[in-house]
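Only one structure is covered here, and it is reproduced in the block below.
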Amino acid sequence: MKGDLQRKVAITGGIGSGKSLVCSKLCHLGIEVYDCDAAAKRLMRTSKPLIDSLTNLVGEEAYIDGKLNKAAIARYMMVSEENTRNVNRLVHPAVGQDFILSGMTWMECAILFESGFQKYVDVVVCVTAPKETRIGRVMARDGITREKVLEWMAKQLPQHLVAKRSDFVIVNDGKADIDEQISQMLAFIGGQTT
């Protein structure tokens, strides 16, 4: 799998599509995947420059006794789309830089195109699933209402557009063989030339 590991690859897809399932299977194959969402949360808690920037943007309530106040950040972001963009303008570059410094070649990123993170990779793999399947998965996983899931979905690029902009698509509908598709994906990536 030497070829696969030299190329930078992003696994993306909408909420409930099954990105984490694919990434856990890759992990079992010995491929380490950088989790952008987990990294953002970690950096917001630990990166001094990011903490300072968020405090300047949101206010002193962003951190209480040196600890991230998620509620204050969420309140700030809910005020307007502009506020959300302002937070993302700070967090996304920090995550991108962290990915580069990590030396890892694979990333899992739900909002790959929205964040501009496709610039960090050579190949984009989109995991898809039928809308109702995705809704059911997220409701069961997070214990939230259908309305809340739809609200989250509406904040992400539509699945068909993400798939269209991707180099390879994995269908995770509960019927298609995921392991077989992952093998095909690895063969596809290994066969690509830089």
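Identifiers for the structure tokens are assigned positionally: chains receive A, B, ... in sequence, residues are indexed from 1 per chain, and ligands are indexed from 1 in the order shown.
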Contacts of Pro93 of chain A at 12 Å (only C-alpha atoms; same-chain gap of 5+ positions) as a PyMOL selection string
chain A and resi 36+39-40+43+49-50+86-88+98-100+115-117+119-120
Which neighbours of Val162 of chain A fall inside 8 Å, counting only C-alpha atoms, when residues of the same chain fewer than 3 positions from it are skipped, and could you give them as a list in words?
Gly13, Phe113, Cys126, Leu157, Pro158, Gln159, Arg165 and Ser166 of chain A
Now that the selection is made, can you save its residues with N, CA and C atoms as an mmCIF file, in the first residue's frame?
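The file below, out36.cif, is the result:
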```
data_model
loop_
_atom_site.group_PDB
_atom_site.id
_atom_site.type_symbol
_atom_site.label_atom_id
_atom_site.label_comp_id
_atom_site.auth_asym_id
_atom_site.auth_seq_id
_atom_site.Cartn_x
_atom_site.Cartn_y
_atom_site.Cartn_z
ATOM 1 N N GLY A 13 -18.183 13.529 3.761
ATOM 2 C CA GLY A 13 -19.564 13.089 3.611
ATOM 3 C C GLY A 13 -20.411 13.755 4.676
ATOM 4 N N PHE A 113 -15.250 20.799 1.817
ATOM 5 C CA PHE A 113 -15.323 21.868 0.813
ATOM 6 C C PHE A 113 -15.708 23.203 1.461
ATOM 7 N N CYS A 126 -15.828 10.488 -0.897
ATOM 8 C CA CYS A 126 -17.105 10.856 -0.268
ATOM 9 C C CYS A 126 -17.863 9.598 0.135
ATOM 10 N N LEU A 157 -23.104 21.112 2.867
ATOM 11 C CA LEU A 157 -23.347 21.030 1.426
ATOM 12 C C LEU A 157 -24.210 19.802 1.151
ATOM 13 N N PRO A 158 -25.150 19.887 0.196
ATOM 14 C CA PRO A 158 -25.950 18.706 -0.146
ATOM 15 C C PRO A 158 -25.055 17.541 -0.579
ATOM 16 N N GLN A 159 -25.460 16.336 -0.188
ATOM 17 C CA GLN A 159 -24.660 15.133 -0.437
ATOM 18 C C GLN A 159 -24.309 14.960 -1.913
ATOM 19 N N ARG A 165 -18.117 16.457 -6.484
ATOM 20 C CA ARG A 165 -16.796 17.090 -6.410
ATOM 21 C C ARG A 165 -15.711 16.138 -5.909
ATOM 22 N N SER A 166 -16.084 14.912 -5.586
ATOM 23 C CA SER A 166 -15.141 13.938 -5.043
ATOM 24 C C SER A 166 -14.559 13.054 -6.144
#
```
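Note that the spacing between atom CA of Arg85 of chain A and atom CA of Ile51 of chain A amounts to 16.6 Å.
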Residue neighbourhood segment 103-111 of chain A, 8 Å, only C-alpha atoms, exclusion window fewer than 6 positions, as a ChimeraX atom specification:
/A:5-15,19-20,23,31-37,121,156-157
Let's see if you can do this: from backbone DSSP, list all alpha helix (DSSP H) residues in segment 3-192 of chain A, as number ranges by chain.
A: 3-6, 19-28, 36-46, 48-58, 70-79, 81-102, 112-115, 131-142, 146-154, 159-164, 178-191
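Atom CA of Lys131 of chain A sits 17.9 Å away from atom CA of Ile178 of chain A.
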Which residues come within 8 Å of Thr128 of chain A, counting only C-alpha atoms, excluding same-chain residues fewer than 6 positions away, as a list in words?
Gly13, Gly14, Ser17, Gly18, Gln159, Ala163, Val169, Ile170, Val171, Asn172 and Asp173 of chain A
Running DSSP on the backbone, which parts of segment 23-138 of chain A land in strand (DSSP E or B), as a ChimeraX atom specification?
/A:33-35,63-64,67-68,106-108,123-128
For the selection you just gave me, I'd like the residues written to a file as a PDB file, in the first residue's frame, keeping C-alpha atoms.
```
ATOM      1  CA  VAL A  33      -6.749   9.006   9.899  1.00  0.00           C
ATOM      2  CA  TYR A  34      -6.570  12.582  11.219  1.00  0.00           C
ATOM      3  CA  ASP A  35      -9.959  13.572  12.696  1.00  0.00           C
ATOM      4  CA  TYR A  63     -12.994  30.674  28.566  1.00  0.00           C
ATOM      5  CA  ILE A  64     -13.815  30.324  32.252  1.00  0.00           C
ATOM      6  CA  LYS A  67     -11.408  26.157  30.300  1.00  0.00           C
ATOM      7  CA  LEU A  68     -13.321  26.406  27.020  1.00  0.00           C
ATOM      8  CA  TRP A 106      -5.401  10.785   5.613  1.00  0.00           C
ATOM      9  CA  MET A 107      -8.027  13.061   7.126  1.00  0.00           C
ATOM     10  CA  GLU A 108     -11.690  12.744   8.066  1.00  0.00           C
ATOM     11  CA  VAL A 123      -7.799  12.683  -3.414  1.00  0.00           C
ATOM     12  CA  VAL A 124     -11.296  13.218  -1.985  1.00  0.00           C
ATOM     13  CA  VAL A 125     -13.424  10.221  -1.020  1.00  0.00           C
ATOM     14  CA  CYS A 126     -17.105  10.856  -0.268  1.00  0.00           C
ATOM     15  CA  VAL A 127     -19.161   8.469   1.876  1.00  0.00           C
ATOM     16  CA  THR A 128     -22.863   8.597   1.004  1.00  0.00           C
TER      17      THR A 128
END
```
Can you tell me how far atom CA of Glu132 of chain A sits from atom CA of Met185 of chain A, in Å to one decimal?
25.1 Å
